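Q: For reference, this is model-v3.tsv, and it has TSV, N, CA and C atoms and all ligand atoms.
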```tsv
chain	number	residue	atom	x	y	z
A	2	MET	N	119.10	196.45	-50.72
A	2	MET	CA	119.07	197.90	-50.50
A	2	MET	C	120.48	198.41	-50.19
A	3	THR	N	120.91	199.45	-50.88
A	3	THR	CA	122.26	200.00	-50.65
A	3	THR	C	122.28	200.79	-49.34
A	4	ASN	N	123.48	201.06	-48.85
A	4	ASN	CA	123.61	201.88	-47.64
A	4	ASN	C	122.97	203.25	-47.83
A	5	GLN	N	123.15	203.83	-49.00
A	5	GLN	CA	122.57	205.14	-49.27
A	5	GLN	C	121.04	205.08	-49.22
A	6	GLN	N	120.49	204.00	-49.77
A	6	GLN	CA	119.02	203.85	-49.74
A	6	GLN	C	118.53	203.66	-48.31
A	7	LYS	N	119.30	202.90	-47.49
A	7	LYS	CA	118.93	202.72	-46.08
A	7	LYS	C	118.88	204.06	-45.35
A	8	VAL	N	119.90	204.87	-45.57
A	8	VAL	CA	119.95	206.18	-44.89
A	8	VAL	C	118.83	207.08	-45.39
A	9	GLN	N	118.61	207.09	-46.70
A	9	GLN	CA	117.56	207.94	-47.27
A	9	GLN	C	116.18	207.56	-46.70
A	10	LYS	N	115.96	206.26	-46.55
A	10	LYS	CA	114.69	205.79	-45.99
A	10	LYS	C	114.51	206.31	-44.55
A	11	LEU	N	115.61	206.28	-43.78
A	11	LEU	CA	115.54	206.79	-42.41
A	11	LEU	C	115.34	208.30	-42.37
A	12	ILE	N	116.01	209.01	-43.29
A	12	ILE	CA	115.82	210.47	-43.36
A	12	ILE	C	114.36	210.77	-43.68
A	13	ASP	N	113.80	210.07	-44.64
A	13	ASP	CA	112.39	210.29	-45.01
A	13	ASP	C	111.48	210.05	-43.81
A	14	LYS	N	111.74	208.96	-43.07
A	14	LYS	CA	110.92	208.61	-41.91
A	14	LYS	C	110.99	209.69	-40.83
A	15	TYR	N	112.21	210.10	-40.49
A	15	TYR	CA	112.35	211.05	-39.38
A	15	TYR	C	112.13	212.50	-39.80
A	16	GLN	N	112.24	212.79	-41.07
A	16	GLN	CA	111.91	214.14	-41.52
A	16	GLN	C	110.43	214.41	-41.23
A	17	LYS	N	109.60	213.41	-41.44
A	17	LYS	CA	108.17	213.54	-41.13
A	17	LYS	C	107.94	213.61	-39.63
A	18	LYS	N	108.53	212.67	-38.88
A	18	LYS	CA	108.31	212.61	-37.43
A	18	LYS	C	108.78	213.89	-36.74
A	19	LEU	N	109.83	214.50	-37.26
A	19	LEU	CA	110.36	215.72	-36.65
A	19	LEU	C	109.72	216.99	-37.23
A	20	ARG	N	108.70	216.78	-38.06
A	20	ARG	CA	107.98	217.91	-38.65
A	20	ARG	C	108.90	218.83	-39.45
A	21	LEU	N	109.73	218.21	-40.25
A	21	LEU	CA	110.68	218.94	-41.10
A	21	LEU	C	110.30	218.81	-42.57
A	22	GLU	N	109.01	218.63	-42.84
A	22	GLU	CA	108.57	218.37	-44.21
A	22	GLU	C	108.94	219.48	-45.19
A	23	HIS	N	109.06	220.71	-44.70
A	23	HIS	CA	109.37	221.83	-45.60
A	23	HIS	C	110.86	222.04	-45.78
A	24	TRP	N	111.64	221.22	-45.14
A	24	TRP	CA	113.10	221.33	-45.26
A	24	TRP	C	113.60	220.50	-46.44
A	25	THR	N	114.67	220.98	-47.05
A	25	THR	CA	115.38	220.20	-48.06
A	25	THR	C	116.56	219.57	-47.35
A	26	ILE	N	116.52	218.26	-47.23
A	26	ILE	CA	117.58	217.54	-46.53
A	26	ILE	C	118.32	216.68	-47.55
A	27	ALA	N	119.56	217.07	-47.83
A	27	ALA	CA	120.38	216.34	-48.79
A	27	ALA	C	121.22	215.31	-48.04
A	28	LEU	N	121.56	214.28	-48.75
A	28	LEU	CA	122.38	213.20	-48.18
A	28	LEU	C	123.68	213.10	-48.96
A	29	GLU	N	124.76	212.98	-48.22
A	29	GLU	CA	126.08	212.83	-48.83
A	29	GLU	C	126.75	211.62	-48.20
A	30	MET	N	127.09	210.64	-49.03
A	30	MET	CA	127.80	209.46	-48.55
A	30	MET	C	129.29	209.73	-48.66
A	31	LYS	N	129.99	209.67	-47.53
A	31	LYS	CA	131.41	210.03	-47.49
A	31	LYS	C	132.28	208.77	-47.49
A	32	SER	N	133.56	208.98	-47.75
A	32	SER	CA	134.53	207.90	-47.62
A	32	SER	C	135.77	208.51	-46.98
A	33	GLY	N	136.67	207.67	-46.54
A	33	GLY	CA	137.90	208.16	-45.96
A	33	GLY	C	137.79	208.47	-44.48
A	34	GLU	N	138.79	209.19	-43.98
A	34	GLU	CA	138.89	209.47	-42.54
A	34	GLU	C	137.79	210.44	-42.10
A	35	CYS	N	137.34	210.22	-40.88
A	35	CYS	CA	136.37	211.14	-40.30
A	35	CYS	C	136.55	211.16	-38.79
A	36	GLU	N	136.04	212.22	-38.16
A	36	GLU	CA	136.11	212.32	-36.71
A	36	GLU	C	134.86	211.71	-36.06
A	37	SER	N	133.80	211.59	-36.84
A	37	SER	CA	132.58	210.98	-36.32
A	37	SER	C	131.97	210.12	-37.42
A	38	VAL	N	130.89	209.46	-37.14
A	38	VAL	CA	130.26	208.60	-38.14
A	38	VAL	C	129.33	209.36	-39.08
A	39	ALA	N	128.87	210.53	-38.59
A	39	ALA	CA	127.95	211.32	-39.40
A	39	ALA	C	127.95	212.76	-38.89
A	40	GLU	N	127.48	213.65	-39.74
A	40	GLU	CA	127.32	215.04	-39.30
A	40	GLU	C	126.17	215.67	-40.08
A	41	CYS	N	125.68	216.79	-39.53
A	41	CYS	CA	124.59	217.50	-40.19
A	41	CYS	C	124.93	218.98	-40.21
A	42	ARG	N	125.02	219.54	-41.40
A	42	ARG	CA	125.25	220.98	-41.55
A	42	ARG	C	123.92	221.64	-41.91
A	43	VAL	N	123.57	222.66	-41.15
A	43	VAL	CA	122.24	223.27	-41.26
A	43	VAL	C	122.34	224.70	-41.77
A	44	GLN	N	121.52	225.02	-42.76
A	44	GLN	CA	121.35	226.39	-43.24
A	44	GLN	C	119.91	226.78	-42.91
A	45	GLY	N	119.72	227.20	-41.66
A	45	GLY	CA	118.37	227.47	-41.16
A	45	GLY	C	117.62	228.53	-41.94
A	46	ASP	N	118.34	229.55	-42.41
A	46	ASP	CA	117.66	230.63	-43.14
A	46	ASP	C	117.00	230.13	-44.41
A	47	TYR	N	117.53	229.06	-44.97
A	47	TYR	CA	117.00	228.54	-46.23
A	47	TYR	C	116.33	227.18	-46.08
A	48	LEU	N	116.14	226.76	-44.82
A	48	LEU	CA	115.50	225.47	-44.53
A	48	LEU	C	116.18	224.33	-45.29
A	49	LYS	N	117.51	224.33	-45.22
A	49	LYS	CA	118.30	223.30	-45.88
A	49	LYS	C	119.25	222.65	-44.90
A	50	ALA	N	119.47	221.37	-45.10
A	50	ALA	CA	120.45	220.66	-44.28
A	50	ALA	C	121.15	219.62	-45.14
A	51	LEU	N	122.39	219.37	-44.78
A	51	LEU	CA	123.17	218.34	-45.49
A	51	LEU	C	123.62	217.32	-44.45
A	52	VAL	N	123.15	216.09	-44.61
A	52	VAL	CA	123.56	214.99	-43.73
A	52	VAL	C	124.66	214.22	-44.44
A	53	SER	N	125.82	214.15	-43.78
A	53	SER	CA	126.96	213.39	-44.32
A	53	SER	C	127.14	212.14	-43.48
A	54	VAL	N	127.34	211.02	-44.15
A	54	VAL	CA	127.47	209.74	-43.44
A	54	VAL	C	128.73	209.02	-43.92
A	55	TRP	N	129.55	208.58	-42.95
A	55	TRP	CA	130.77	207.84	-43.27
A	55	TRP	C	130.51	206.33	-43.13
A	56	PRO	N	131.35	205.51	-43.75
A	56	PRO	CA	131.13	204.05	-43.72
A	56	PRO	C	131.04	203.46	-42.30
A	57	GLU	N	131.72	204.07	-41.33
A	57	GLU	CA	131.69	203.56	-39.95
A	57	GLU	C	130.26	203.52	-39.38
A	58	ALA	N	129.38	204.31	-39.92
A	58	ALA	CA	127.99	204.34	-39.43
A	58	ALA	C	127.27	203.01	-39.66
A	59	PHE	N	127.82	202.19	-40.56
A	59	PHE	CA	127.13	200.95	-40.92
A	59	PHE	C	127.73	199.73	-40.22
A	60	GLU	N	128.72	199.98	-39.35
A	60	GLU	CA	129.37	198.86	-38.67
A	60	GLU	C	128.41	198.10	-37.76
A	61	LYS	N	127.56	198.85	-37.06
A	61	LYS	CA	126.50	198.23	-36.25
A	61	LYS	C	125.18	198.77	-36.79
A	62	THR	N	124.53	197.95	-37.60
A	62	THR	CA	123.34	198.46	-38.27
A	62	THR	C	122.24	198.90	-37.30
A	63	GLU	N	122.22	198.30	-36.11
A	63	GLU	CA	121.17	198.71	-35.16
A	63	GLU	C	121.37	200.14	-34.67
A	64	ASP	N	122.59	200.66	-34.81
A	64	ASP	CA	122.86	202.03	-34.40
A	64	ASP	C	122.53	203.05	-35.49
A	65	LEU	N	122.40	202.59	-36.73
A	65	LEU	CA	122.21	203.51	-37.85
A	65	LEU	C	120.98	204.40	-37.66
A	66	GLU	N	119.89	203.81	-37.20
A	66	GLU	CA	118.66	204.59	-37.02
A	66	GLU	C	118.87	205.69	-36.00
A	67	HIS	N	119.55	205.35	-34.91
A	67	HIS	CA	119.80	206.38	-33.89
A	67	HIS	C	120.74	207.46	-34.43
A	68	ILE	N	121.73	207.06	-35.20
A	68	ILE	CA	122.67	208.04	-35.77
A	68	ILE	C	121.91	209.04	-36.64
A	69	ILE	N	121.02	208.55	-37.48
A	69	ILE	CA	120.28	209.45	-38.38
A	69	ILE	C	119.30	210.31	-37.58
A	70	LYS	N	118.64	209.73	-36.58
A	70	LYS	CA	117.76	210.54	-35.71
A	70	LYS	C	118.56	211.67	-35.08
A	71	HIS	N	119.72	211.31	-34.54
A	71	HIS	CA	120.57	212.30	-33.88
A	71	HIS	C	120.94	213.43	-34.85
A	72	GLU	N	121.36	213.06	-36.04
A	72	GLU	CA	121.78	214.09	-37.01
A	72	GLU	C	120.62	215.00	-37.38
A	73	LEU	N	119.45	214.45	-37.56
A	73	LEU	CA	118.30	215.29	-37.92
A	73	LEU	C	117.87	216.18	-36.76
A	74	CYS	N	118.08	215.73	-35.54
A	74	CYS	CA	117.76	216.58	-34.37
A	74	CYS	C	118.67	217.81	-34.32
A	75	HIS	N	119.83	217.74	-34.96
A	75	HIS	CA	120.68	218.93	-35.03
A	75	HIS	C	119.98	220.07	-35.76
A	76	ILE	N	119.05	219.74	-36.64
A	76	ILE	CA	118.30	220.79	-37.33
A	76	ILE	C	117.47	221.57	-36.32
A	77	LEU	N	116.87	220.86	-35.37
A	77	LEU	CA	116.06	221.52	-34.35
A	77	LEU	C	116.89	222.42	-33.44
A	78	THR	N	118.08	221.96	-33.10
A	78	THR	CA	118.88	222.67	-32.10
A	78	THR	C	119.86	223.67	-32.73
A	79	ALA	N	119.87	223.77	-34.06
A	79	ALA	CA	120.87	224.60	-34.74
A	79	ALA	C	120.83	226.07	-34.30
A	80	GLN	N	119.64	226.61	-34.13
A	80	GLN	CA	119.53	228.03	-33.80
A	80	GLN	C	120.12	228.34	-32.42
A	81	THR	N	119.89	227.45	-31.46
A	81	THR	CA	120.45	227.70	-30.13
A	81	THR	C	121.98	227.56	-30.16
A	82	LYS	N	122.49	226.69	-31.00
A	82	LYS	CA	123.94	226.56	-31.15
A	82	LYS	C	124.51	227.84	-31.77
A	83	LEU	N	123.83	228.36	-32.78
A	83	LEU	CA	124.28	229.59	-33.44
A	83	LEU	C	124.33	230.75	-32.44
A	84	ILE	N	123.31	230.87	-31.63
A	84	ILE	CA	123.27	231.93	-30.62
A	84	ILE	C	124.42	231.76	-29.62
A	85	SER	N	124.67	230.53	-29.21
A	85	SER	CA	125.76	230.27	-28.27
A	85	SER	C	127.10	230.67	-28.88
A	86	TYR	N	127.31	230.30	-30.15
A	86	TYR	CA	128.57	230.66	-30.81
A	86	TYR	C	128.69	232.17	-30.96
A	87	ASP	N	127.57	232.83	-31.29
A	87	ASP	CA	127.60	234.29	-31.40
A	87	ASP	C	128.03	234.92	-30.08
A	88	LEU	N	127.47	234.44	-28.98
A	88	LEU	CA	127.83	234.99	-27.67
A	88	LEU	C	129.30	234.72	-27.36
A	89	LEU	N	129.76	233.52	-27.74
A	89	LEU	CA	131.16	233.15	-27.53
A	89	LEU	C	132.09	234.10	-28.31
A	90	ASN	N	131.62	234.53	-29.47
A	90	ASN	CA	132.41	235.43	-30.32
A	90	ASN	C	132.07	236.90	-30.09
A	91	ALA	N	131.48	237.17	-28.95
A	91	ALA	CA	131.15	238.54	-28.54
A	91	ALA	C	130.20	239.25	-29.50
A	92	LYS	N	129.38	238.48	-30.22
A	92	LYS	CA	128.35	239.09	-31.05
A	92	LYS	C	127.10	239.23	-30.18
A	93	PHE	N	126.60	240.43	-30.09
A	93	PHE	CA	125.49	240.71	-29.20
A	93	PHE	C	124.21	239.98	-29.61
A	94	ARG	N	123.57	239.38	-28.67
A	94	ARG	CA	122.24	238.77	-28.86
A	94	ARG	C	121.35	239.29	-27.74
A	95	THR	N	120.15	239.66	-28.10
A	95	THR	CA	119.25	240.21	-27.09
A	95	THR	C	118.59	239.09	-26.29
A	96	HIS	N	118.12	239.47	-25.13
A	96	HIS	CA	117.35	238.56	-24.28
A	96	HIS	C	116.15	238.02	-25.06
A	97	LEU	N	115.53	238.90	-25.84
A	97	LEU	CA	114.36	238.52	-26.63
A	97	LEU	C	114.72	237.46	-27.68
A	98	GLU	N	115.86	237.60	-28.35
A	98	GLU	CA	116.30	236.62	-29.35
A	98	GLU	C	116.54	235.24	-28.71
A	99	ILE	N	117.17	235.27	-27.55
A	99	ILE	CA	117.46	234.01	-26.86
A	99	ILE	C	116.16	233.35	-26.41
A	100	ASP	N	115.27	234.14	-25.82
A	100	ASP	CA	113.97	233.60	-25.39
A	100	ASP	C	113.17	233.07	-26.57
A	101	SER	N	113.21	233.78	-27.70
A	101	SER	CA	112.46	233.37	-28.88
A	101	SER	C	113.00	232.04	-29.42
A	102	ALA	N	114.31	231.91	-29.52
A	102	ALA	CA	114.91	230.66	-30.01
A	102	ALA	C	114.56	229.50	-29.08
A	103	ASN	N	114.61	229.76	-27.79
A	103	ASN	CA	114.27	228.72	-26.82
A	103	ASN	C	112.79	228.34	-26.92
A	104	GLU	N	111.93	229.33	-27.10
A	104	GLU	CA	110.49	229.07	-27.19
A	104	GLU	C	110.15	228.28	-28.46
A	105	ILE	N	110.81	228.65	-29.58
A	105	ILE	CA	110.59	227.92	-30.84
A	105	ILE	C	111.00	226.46	-30.69
A	106	LEU	N	112.17	226.22	-30.11
A	106	LEU	CA	112.65	224.85	-29.92
A	106	LEU	C	111.71	224.08	-28.99
A	107	THR	N	111.29	224.71	-27.92
A	107	THR	CA	110.40	224.05	-26.97
A	107	THR	C	109.07	223.68	-27.63
A	108	GLU	N	108.49	224.61	-28.40
A	108	GLU	CA	107.22	224.34	-29.08
A	108	GLU	C	107.40	223.24	-30.12
A	109	TRP	N	108.54	223.26	-30.81
A	109	TRP	CA	108.84	222.24	-31.83
A	109	TRP	C	108.84	220.86	-31.18
A	110	ILE	N	109.53	220.74	-30.06
A	110	ILE	CA	109.57	219.44	-29.34
A	110	ILE	C	108.17	219.06	-28.87
A	111	ALA	N	107.44	220.02	-28.34
A	111	ALA	CA	106.09	219.74	-27.84
A	111	ALA	C	105.17	219.21	-28.94
A	112	ARG	N	105.35	219.72	-30.15
A	112	ARG	CA	104.51	219.26	-31.27
A	112	ARG	C	104.92	217.88	-31.78
A	113	ILE	N	106.17	217.52	-31.54
A	113	ILE	CA	106.65	216.23	-31.98
A	113	ILE	C	106.13	215.10	-31.09
A	114	ILE	N	106.14	215.35	-29.77
A	114	ILE	CA	105.82	214.27	-28.83
A	114	ILE	C	104.34	214.09	-28.60
B	201	ZN	ZN	125.74	215.47	-32.80
```
As structure tokens - that is how I would like this structure written.

A:
Amino acid sequence: MTNQQKVQKLIDKYQKKLRLEHWTIALEMKSGECESVAECRVQGDYLKALVSVWPEAFEKTEDLEHIIKHELCHILTAQTKLISYDLLNAKFRTHLEIDSANEILTEWIARII
């Protein structure tokens, strides 16, 4: 099994466990320098995410599963990060928007466990 197949298998497994079945999660195998072993870019409005994985992620294979779990969890937390960045950039967010994002994330976690 290639490294790409190993990662895809983990994405498939955790996409289900995290109740992300309606999301399109693409995988990109990277090479060259990186600041981390993997990253996840989320387009929440379109239910799309791109998981990028660098070769360093395969140095300790027992960590690979956790790395992929971590990256997919970024999909869950993306909205709260967006709100935080908006506030940092002085973009107004209402109390209701913040409460709603928090409630959605909380319910999402509750349904997973
Ligand atoms: Zn992270």

Q: Kindly give the distance, in Å, that separates atom C of Ile76 (chain A) and atom N of Leu28 (chain A), rounded to a single decimal.

A: 15.0 Å

Q: Please report, as JSON, numbers by chain, each residue of chain A to which DSSP assigns helix (DSSP H, G or I) when run on this structure's backbone.

A: {"A": [4, 5, 6, 7, 8, 9, 10, 11, 12, 13, 14, 15, 16, 17, 18, 45, 46, 47, 56, 57, 58, 59, 62, 63, 64, 65, 66, 67, 68, 69, 70, 71, 72, 73, 74, 75, 76, 77, 78, 79, 80, 81, 82, 83, 84, 85, 86, 87, 88, 89, 96, 97, 98, 99, 100, 101, 102, 103, 104, 105, 106, 107, 108, 109, 110, 111, 112, 113]}

Q: Counting all atoms listed in the file, which of A:Asp87, A:Glu57, A:Glu104, A:Glu72 gets nearest to ligand ZN 201 (chain B)?

A: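 Result for the nearest residue to ligand ZN 201 (chain B): A:Glu72.
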
Q: Please identify the residues whose atoms come within 9 Å of ligand ZN 201 (chain B), using only C-alpha atoms and all ligand atoms, and report them as a PyMOL selection string.

A: chain A and resi 37+39-41+68+71-72+74-75

Q: To one decimal place in Å, what is the distance between CA of Cys35 (chain A) and CA of Ile69 (chain A)?

A: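 Distance between the two atoms: 16.3 Å.
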